[in-house]
Amino acid sequence: MIKCFVKNENAIALIETMSDLDGDNIEKVIWIDMLMPTYDEIVFIENTFEIKFPTKQETEEIEISSRYWEENDRIEINSFFLISAAQNSHNETVSFILYKNLLISIRYTSLYTFDEFNRKFFAAPKQFESGYDIFCQILDIRIDADADVIEKLSRDITRLRRHVFTDYTNDDEEILERISSLEDLNMQLRENLNDKQRILSSFLKSTKYKSALKNDIAIMLKDIKSLIDYTDFNFERLEYLQNIFVGLLSIEQNKIIKIFAIMNVIFLPPTLIASIYGMNFDLLPELHWRFGYLMSIFLMIGSSILPLYFFKRKGWI
């Protein structure tokens, strides 16, 4: 699907049918948003605007030279956009091509960031004079969204910490899986922010756009740096929480082992007495004694109570 945004003075016109693009409005196109484009759509835009698109494999390269490339009249940018989901969060690559004053975005999934920008674009078209303005605004919205995800992640860590300390039961595997999933999300956020930091740092050096945008880019870089610092803080919190949980788990295991150890000590003397009087030797003095059975029972009971009393006096139980 292709959306072409044509700017006519102070208004924005949306063209969604390729046949509607003609010589009169081609020069006025300020942004082309391509969502899961077909091969025919890609070829049509390439031929119409005389521009070559990168392949999907090329957009997913992680080298900085593949994430940002600048030529005479063109800048090509591949940036991560975080897809935050309950079970499978991942970074999706979105490609931007800035060709003269035109912005072309290529993506293979629906993103809230673009829907949010569309509303702003139609509400205040005067603020966007070229594709560079659009690109910066899209990234700014994405950075704000990343900040919201980090804030939610921080709240989730706080709730999990409270659960570990107050409502902890025997859901050990569930808690460890939850800590692991939060660490994965925080790692993806960190990767996402580092990617944008490298891209904007390179973009800041460009001379193809007006100097007023450089101030906005510098502010975005400061925001990204503060968010990266916060992801570092979340890593520390998760590591601390994991250590605390492992410590609590060890305490619970030690309590169980302690109970088994006490039970062994309690039943060891009675077992010894029963073993002695279970031997079939005529030389046993109490073997034919009338009260021998009762005496052995009392000995076993007393030998069980004595260790319990000793442990209690020592404060071990």
# chains A, B, ... in the order shown; residues from 1 in each chain; ligands from 1
$ residues_around --residues "Met220 (chain A)" --least-positions-apart "5" --cutoff "10 Å" --atoms "only C-alpha atoms" --output "ChimeraX atom specification"
/A:136,139-140,143-144,196-197,200,214-215,225-226
$ residues_around --residues "region 148-154 of chain A" --least-positions-apart "3" --cutoff "10 Å" --atoms "only C-alpha atoms" --output "ChimeraX atom specification"
/A:82,84,142-145,157-160,182-183,185-186,189-190,227-228,230-231,233-234,237-238
$ closest_residue --among "A:Met263, A:Ile251, A:Ile276, A:Ala123" --to "Ile12 (chain A)" --atoms "only C-alpha atoms"
A:Ala123
$ residues_around --residues "Ala274 (chain A)" --least-positions-apart "5" --cutoff "9 Å" --atoms "only C-alpha atoms" --output "PyMOL selection string"
chain A and resi 269+279+296-297+300
$ select_by_dssp --residues "region 42-153 of chain A" --states "strand (DSSP E)" --output "ChimeraX atom specification"
/A:68-70,74-83,90-99,102-107
